[in-house]
$ cat structure-v6.csv   # CSV, C-alpha atoms
chain,number,residue,atom,x,y,z
A,1489,MET,CA,106.4,117.8,84.2
A,1490,ALA,CA,105.8,121.5,84.4
A,1491,ALA,CA,108.9,123.7,84.4
A,1492,LEU,CA,110.2,124.8,87.8
A,1493,GLU,CA,110.8,128.4,86.5
A,1494,GLN,CA,107.1,128.7,85.6
A,1495,TYR,CA,106.0,128.2,89.2
A,1496,LEU,CA,108.8,130.3,90.7
A,1497,SER,CA,107.5,133.2,88.7
A,1498,ALA,CA,103.7,132.5,88.9
A,1499,TRP,CA,103.7,131.9,92.7
A,1500,ASN,CA,106.5,134.3,93.6
A,1501,LEU,CA,108.9,131.7,94.9
A,1502,THR,CA,112.6,131.8,95.4
A,1503,ASP,CA,115.6,129.7,96.4
A,1504,PRO,CA,114.5,126.3,95.1
A,1505,GLN,CA,116.3,123.3,96.6
A,1506,LEU,CA,115.6,119.8,95.3
A,1507,ILE,CA,114.9,117.4,98.2
A,1508,ALA,CA,113.2,114.4,96.4
A,1509,GLU,CA,112.5,113.0,93.0
A,1510,THR,CA,110.3,110.0,92.3
A,1511,ALA,CA,108.2,108.6,89.5
A,1512,THR,CA,105.3,110.8,90.6
A,1513,SER,CA,106.9,114.1,91.5
A,1514,ARG,CA,109.9,116.3,91.9
A,1515,VAL,CA,109.9,118.1,95.3
A,1516,TYR,CA,111.7,121.3,96.3
A,1517,THR,CA,111.9,123.5,99.3
A,1518,VAL,CA,111.3,127.1,98.3
A,1519,THR,CA,110.8,130.5,100.0
A,1520,HIS,CA,107.4,132.1,99.8
A,1521,ALA,CA,106.5,135.3,101.6
A,1522,GLY,CA,109.6,134.9,103.7
A,1523,GLU,CA,108.8,131.3,104.8
A,1524,LYS,CA,110.2,127.9,103.7
A,1525,VAL,CA,107.5,125.9,102.0
A,1526,VAL,CA,107.4,122.9,99.7
A,1527,LEU,CA,106.8,122.9,95.9
A,1528,LYS,CA,105.7,119.6,94.5
A,1529,LEU,CA,105.8,119.3,90.7
A,1530,LEU,CA,103.8,116.3,89.5
A,1531,THR,CA,104.8,114.0,86.7
A,1532,SER,CA,102.0,112.7,84.4
A,1533,ILE,CA,101.9,109.6,86.6
A,1534,GLY,CA,101.7,111.8,89.7
A,1535,ALA,CA,99.0,114.0,88.3
A,1536,GLU,CA,96.8,110.9,87.8
A,1537,ASP,CA,97.8,109.2,91.1
A,1538,GLU,CA,98.1,112.2,93.5
A,1539,GLY,CA,96.2,115.1,91.8
A,1540,THR,CA,93.1,114.5,94.0
A,1541,GLY,CA,95.3,114.8,97.1
A,1542,ALA,CA,95.0,118.5,96.8
A,1543,LEU,CA,91.2,118.2,97.1
A,1544,ALA,CA,91.6,116.3,100.4
A,1545,LEU,CA,94.2,118.8,101.7
A,1546,ALA,CA,91.9,121.8,100.8
A,1547,TYR,CA,89.0,120.0,102.5
A,1548,TRP,CA,90.9,119.4,105.7
A,1549,ASP,CA,92.3,122.9,105.7
A,1550,GLY,CA,95.3,122.1,108.0
A,1551,HIS,CA,93.3,120.0,110.5
A,1552,GLY,CA,95.4,116.9,111.0
A,1553,ALA,CA,97.3,117.5,107.8
A,1554,ILE,CA,99.7,119.9,106.2
A,1555,LYS,CA,98.2,123.0,104.7
A,1556,LEU,CA,97.8,123.5,101.0
A,1557,LEU,CA,98.8,127.0,100.0
A,1558,HIS,CA,98.3,126.9,96.2
A,1559,HIS,CA,97.7,124.2,93.6
A,1560,ASP,CA,96.8,123.4,90.0
A,1561,ALA,CA,96.7,120.3,88.0
A,1562,SER,CA,100.5,120.0,87.8
A,1563,ALA,CA,101.8,121.4,91.1
A,1564,HIS,CA,101.1,121.8,94.8
A,1565,LEU,CA,102.5,124.4,97.1
A,1566,LEU,CA,102.5,123.0,100.6
A,1567,GLU,CA,103.4,123.8,104.3
A,1568,TYR,CA,106.9,122.7,105.2
A,1569,VAL,CA,107.3,120.3,108.1
A,1570,SER,CA,110.9,119.8,109.3
A,1571,GLY,CA,110.3,117.1,112.0
A,1572,GLU,CA,110.9,113.4,111.8
A,1573,ASP,CA,108.3,110.9,110.6
A,1574,LEU,CA,107.1,107.9,112.7
A,1575,ILE,CA,109.7,105.4,111.5
A,1576,PRO,CA,112.3,106.3,114.3
A,1577,LEU,CA,109.6,105.9,116.9
A,1578,VAL,CA,108.9,102.4,115.7
A,1579,GLN,CA,112.6,101.6,115.5
A,1580,ARG,CA,113.0,102.8,119.1
A,1581,GLY,CA,110.5,100.2,120.2
A,1582,ASP,CA,107.5,102.5,120.4
A,1583,ASP,CA,105.4,100.8,117.7
A,1584,ASP,CA,102.2,101.0,119.8
A,1585,ALA,CA,102.7,104.7,120.3
A,1586,ALA,CA,103.2,105.3,116.6
A,1587,THR,CA,100.0,103.4,115.9
A,1588,ALA,CA,98.1,105.4,118.4
A,1589,ILE,CA,99.3,108.6,116.8
A,1590,ILE,CA,98.1,107.5,113.4
A,1591,ALA,CA,94.7,106.7,115.0
A,1592,GLU,CA,94.5,110.2,116.4
A,1593,ILE,CA,95.4,111.8,113.1
A,1594,LEU,CA,92.8,109.7,111.2
A,1595,ASN,CA,90.2,110.8,113.7
A,1596,GLU,CA,91.1,114.5,113.0
A,1597,LEU,CA,91.0,113.9,109.2
A,1598,HIS,CA,87.7,112.1,109.4
A,1599,ALA,CA,86.0,114.6,111.7
A,1600,ASP,CA,82.8,116.1,110.4
A,1601,ASN,CA,83.7,119.7,109.5
A,1602,GLY,CA,80.3,120.6,108.2
A,1603,LYS,CA,81.4,120.9,104.6
A,1604,PRO,CA,80.0,118.8,101.8
A,1605,LEU,CA,82.3,116.1,100.4
A,1606,PRO,CA,84.3,117.6,97.5
A,1607,GLU,CA,83.6,116.3,94.0
A,1608,GLY,CA,86.3,114.6,92.1
A,1609,LEU,CA,87.7,112.3,94.8
A,1610,VAL,CA,88.6,108.8,93.8
A,1611,THR,CA,86.1,106.2,95.0
A,1612,LEU,CA,87.2,103.0,96.8
A,1613,ARG,CA,85.7,100.9,94.0
A,1614,ARG,CA,88.0,102.6,91.5
A,1615,ARG,CA,90.9,102.2,93.9
A,1616,PHE,CA,90.3,98.4,94.0
A,1617,ARG,CA,90.3,97.9,90.2
A,1618,SER,CA,93.5,96.0,90.2
A,1619,LEU,CA,92.2,93.5,92.8
A,1620,PHE,CA,89.1,92.9,90.8
A,1621,ARG,CA,91.1,92.3,87.6
A,1622,TYR,CA,93.3,89.7,89.2
A,1623,ALA,CA,90.2,88.0,90.8
A,1624,GLU,CA,88.7,87.6,87.4
A,1625,THR,CA,91.7,85.8,86.0
A,1626,ALA,CA,92.2,83.5,89.1
A,1627,PRO,CA,88.7,82.7,90.5
A,1628,ASP,CA,90.0,80.2,93.1
A,1629,SER,CA,92.8,82.4,94.4
A,1630,ILE,CA,93.2,84.6,97.5
A,1631,TYR,CA,92.6,87.6,95.2
A,1632,ALA,CA,89.1,86.2,94.4
A,1633,ARG,CA,88.3,85.7,98.0
A,1634,ALA,CA,89.5,89.2,98.8
A,1635,ALA,CA,87.4,90.6,95.9
A,1636,ARG,CA,84.3,89.0,97.3
A,1637,ILE,CA,84.8,90.6,100.7
A,1638,ALA,CA,85.7,93.9,99.1
A,1639,GLU,CA,82.4,93.8,97.1
A,1640,ASP,CA,80.5,93.4,100.4
A,1641,LEU,CA,82.4,96.2,102.1
A,1642,LEU,CA,82.0,98.6,99.2
A,1643,ASN,CA,78.3,97.8,98.8
A,1644,ASN,CA,77.6,98.4,102.5
A,1645,PRO,CA,79.7,101.4,103.5
A,1646,ARG,CA,79.7,103.0,106.9
A,1647,ASP,CA,80.8,106.5,107.9
A,1648,VAL,CA,81.8,107.7,104.5
A,1649,ARG,CA,84.5,110.4,104.7
A,1650,VAL,CA,87.3,112.1,102.8
A,1651,LEU,CA,90.2,109.6,103.0
A,1652,HIS,CA,93.9,110.0,103.1
A,1653,GLY,CA,94.2,106.7,101.1
A,1654,ASP,CA,97.9,106.1,101.9
A,1655,MET,CA,98.3,106.4,105.6
A,1656,HIS,CA,101.6,104.9,106.8
A,1657,HIS,CA,104.5,105.8,109.0
A,1658,TRP,CA,106.4,107.9,106.3
A,1659,ASN,CA,103.4,110.0,105.5
A,1660,VAL,CA,103.3,111.6,109.0
A,1661,ARG,CA,105.7,114.2,110.2
A,1662,ARG,CA,106.0,116.2,113.4
A,1663,HIS,CA,105.5,120.0,113.1
A,1664,ALA,CA,107.3,122.0,115.8
A,1665,GLN,CA,104.2,124.0,116.7
A,1666,ARG,CA,101.3,121.9,115.3
A,1667,GLY,CA,102.3,118.4,116.3
A,1668,TRP,CA,101.9,115.3,114.1
A,1669,LEU,CA,100.5,116.0,110.6
A,1670,ALA,CA,99.7,113.8,107.6
A,1671,PHE,CA,100.9,114.6,104.1
A,1672,ASP,CA,100.9,113.0,100.6
A,1673,PRO,CA,97.2,112.0,100.6
A,1674,LYS,CA,95.7,110.2,97.6
A,1675,GLY,CA,92.4,111.9,98.0
A,1676,LEU,CA,89.8,109.1,98.2
A,1677,VAL,CA,86.2,108.9,99.4
A,1678,GLY,CA,84.7,106.0,101.2
A,1679,GLU,CA,84.3,104.2,104.6
A,1680,LYS,CA,86.7,105.6,107.1
A,1681,THR,CA,87.8,102.1,108.3
A,1682,PHE,CA,89.7,101.7,105.0
A,1683,ASP,CA,92.1,104.4,106.0
A,1684,ALA,CA,93.7,102.3,108.7
A,1685,ALA,CA,94.3,99.2,106.6
A,1686,ASN,CA,97.5,100.4,105.0
A,1687,THR,CA,98.9,101.2,108.4
A,1688,LEU,CA,98.7,97.5,109.3
A,1689,CYS,CA,100.8,96.7,106.2
A,1690,ASN,CA,103.6,99.0,107.3
A,1691,PRO,CA,106.4,100.0,107.8
A,1692,VAL,CA,107.5,97.8,104.9
A,1693,ILE,CA,111.2,98.3,105.8
A,1694,LEU,CA,110.5,96.1,108.9
A,1695,PRO,CA,108.9,93.1,107.3
A,1696,GLU,CA,109.2,90.7,110.3
A,1697,LEU,CA,107.4,93.3,112.4
A,1698,VAL,CA,104.7,93.8,109.8
A,1699,ALA,CA,104.2,90.0,109.3
A,1700,ASP,CA,104.0,89.3,113.1
A,1701,GLU,CA,100.5,88.1,113.8
A,1702,ARG,CA,100.5,89.3,117.4
A,1703,ARG,CA,101.7,92.8,116.3
A,1704,LEU,CA,99.1,93.0,113.6
A,1705,LEU,CA,96.2,92.1,115.9
A,1706,ARG,CA,97.5,94.4,118.6
A,1707,ALA,CA,97.8,97.3,116.2
A,1708,ALA,CA,94.4,96.6,114.8
A,1709,ASP,CA,92.9,96.8,118.3
A,1710,ILE,CA,94.7,100.2,118.9
A,1711,LEU,CA,93.5,101.6,115.6
A,1712,ALA,CA,89.9,100.3,116.0
A,1713,ARG,CA,89.5,101.6,119.5
A,1714,GLY,CA,91.1,104.9,118.7
A,1715,MET,CA,88.9,105.4,115.6
A,1716,GLY,CA,85.7,104.0,117.0
A,1717,VAL,CA,85.5,101.2,114.4
A,1718,GLU,CA,85.1,97.4,114.7
A,1719,VAL,CA,88.2,95.2,114.7
A,1720,PRO,CA,86.6,92.5,112.4
A,1721,ARG,CA,85.7,95.2,109.9
A,1722,LEU,CA,89.2,96.6,110.0
A,1723,LEU,CA,90.7,93.2,109.5
A,1724,ALA,CA,88.4,92.7,106.5
A,1725,PHE,CA,89.6,95.9,105.0
A,1726,THR,CA,93.2,95.0,105.8
A,1727,PHE,CA,92.8,91.6,104.0
A,1728,THR,CA,91.3,93.2,100.9
A,1729,TYR,CA,93.9,96.0,100.9
A,1730,ALA,CA,96.8,93.7,101.4
A,1731,CYS,CA,95.6,91.7,98.4
A,1732,LEU,CA,95.2,94.9,96.4
A,1733,SER,CA,98.8,95.8,97.3
A,1734,ALA,CA,99.9,92.4,96.1
A,1735,ALA,CA,98.1,92.9,92.9
A,1736,TRP,CA,99.8,96.3,92.4
A,1737,CYS,CA,103.2,94.5,93.0
A,1738,LEU,CA,102.4,92.0,90.3
A,1739,GLU,CA,101.5,94.9,87.9
A,1740,ASP,CA,104.7,96.7,88.8
A,1741,ASP,CA,107.0,93.6,88.7
A,1742,CYS,CA,107.9,93.8,92.4
A,1743,ASP,CA,107.6,91.1,95.1
A,1744,PRO,CA,104.1,90.7,96.6
A,1745,LYS,CA,105.3,88.4,99.4
A,1746,LEU,CA,105.0,90.7,102.4
A,1747,ALA,CA,101.6,91.9,101.3
A,1748,LEU,CA,100.4,88.4,100.9
A,1749,ARG,CA,101.8,87.4,104.3
A,1750,VAL,CA,99.7,90.2,105.9
A,1751,ALA,CA,96.7,89.1,103.8
A,1752,VAL,CA,97.0,85.5,105.1
A,1753,ILE,CA,97.2,86.7,108.7
A,1754,ALA,CA,94.2,89.0,108.3
A,1755,GLU,CA,92.1,86.4,106.5
A,1756,ARG,CA,92.9,83.8,109.2
A,1757,ASN,CA,91.4,86.2,111.8
A,1758,LEU,CA,88.3,87.1,110.0
A,1759,ARG,CA,85.0,86.3,111.7
$ encode --input "structure-v6.csv" --output "C-alpha cells"
Amino acid sequence: MAALEQYLSAWNLTDPQLIAETATSRVYTVTHAGEKVVLKLLTSIGAEDEGTGALALAYWDGHGAIKLLHHDASAHLLEYVSGEDLIPLVQRGDDDAATAIIAEILNELHADNGKPLPEGLVTLRRRFRSLFRYAETAPDSIYARAARIAEDLLNNPRDVRVLHGDMHHWNVRRHAQRGWLAFDPKGLVGEKTFDAANTLCNPVILPELVADERRLLRAADILARGMGVEVPRLLAFTFTYACLSAAWCLEDDCDPKLALRVAVIAERNLR
C-alpha cells in the first residue's frame, strides 16, 4: 500500500483521520482546499479489484455517484458523503422504498451521457470466471446450470453500459445537497440488467429477508419496472450472480448458504 504521507504531500491534503481498513483499502477523511474529502489507499488486492472503479466514477462525473477528485493506480481522492446508507431504511420497514432508490440511481448511472465507453473496464465474462471454473469441476451442479444461462446472457447482451458492479444497500449514501449517491463501484462493462442482481442478494445482514421468495420477487419487479428491463431476464442474472457469489464464498472459505438460497429461489422462478 502506498504511504499516506506521499499523498498528503502530492495532493495537498491535511488532517488525515482513519475511518475504515479492509483487505482492499485503508480509508481516511482528509481536508482538501478547505473541504472534507475521502482518501482511499488501495492494497494490492484493492488495486486489482477496485482500480477500474475510478474509470467508472470519472465516466459518471458525479451523476448518480460520488465525484472522483484525483486518482492514480494506488489511491482515489473522493467526494465525502456524511449521510446514512440504505440499511436503516430497510430496518425501519421501508425495504420497497430502498429498492426503488437503487433503481433510480442505476437509471442515472446507466443514462447515455454521449461519451464513449472507457477502455480498461472489467467485462462481465471476466467477472464470471469463478462460476465457470466451478461449473467445469461439477457438470451436474447448480453452478453448471447457472454457467449455461450466464453464457447465453453474455453472448446476447442488451443495453451495454458502464456498470457499478457491486450495487447494494451499503454502497449508497445520502448527500445533504445532492441526494442518494452510489460509491465503491467495481467498474465493469456489460448489460445494465446485471447491475440490479446483487441488490436482490442483499442486505446480507438480514438473511431471512433476502431469502424470502415473496420479497425477492417483489423487489425484482420494482427494479425491473424502475430500470425498464424484463423481470425474467433480471431473475436470470440474479440466479447466475448468486451462484457466482457462492463460488466466491467457496474460494474464500466462507459460507455460501445464503447465496445458494437466493439462487434456488431465482432458478425456481425462471421462465
$ closest_residue --input "structure-v6.csv" --among "A:Lys1555, A:Thr1587, A:Ala1563, A:Asn1643" --to "Ala1498 in chain A" --atoms "all atoms listed in the file"
A:Ala1563
$ closest_residue --input "structure-v6.csv" --among "A:Val1750, A:Ile1630, A:Ala1588, A:Leu1732" --to "Asp1709 in chain A" --atoms "all atoms listed in the file"
A:Ala1588
$ residues_around --input "structure-v6.csv" --residues "Gly1550 in chain A" --least-positions-apart "6" --cutoff "12 Å" --atoms "all atoms listed in the file" --output "PyMOL selection string"
chain A and resi 1542+1544+1556-1557+1566-1568+1593+1596-1597+1601+1663+1666-1671
$ closest_residue --input "structure-v6.csv" --among "A:Met1715, A:Leu1705, A:Ala1735, A:Arg1649" --to "Ala1754 in chain A" --atoms "all atoms listed in the file"
A:Leu1705
$ residues_around --input "structure-v6.csv" --residues "range 1679-1696 of chain A" --least-positions-apart "2" --cutoff "8 Å" --atoms "all atoms listed in the file" --output "number ranges by chain"
A: 1575, 1587, 1591, 1594, 1598, 1645-1657, 1677, 1698-1700, 1704, 1707-1708, 1711, 1717, 1721-1723, 1725-1726, 1729-1730, 1746-1747, 1750
$ closest_residue --input "structure-v6.csv" --among "A:Ala1638, A:Ala1521, A:Ala1585, A:Val1752" --to "Arg1617 in chain A" --atoms "all atoms listed in the file"
A:Ala1638
$ closest_residue --input "structure-v6.csv" --among "A:Glu1538, A:Asp1549, A:Glu1493, A:Glu1523" --to "Leu1676 in chain A" --atoms "all atoms listed in the file"
A:Glu1538
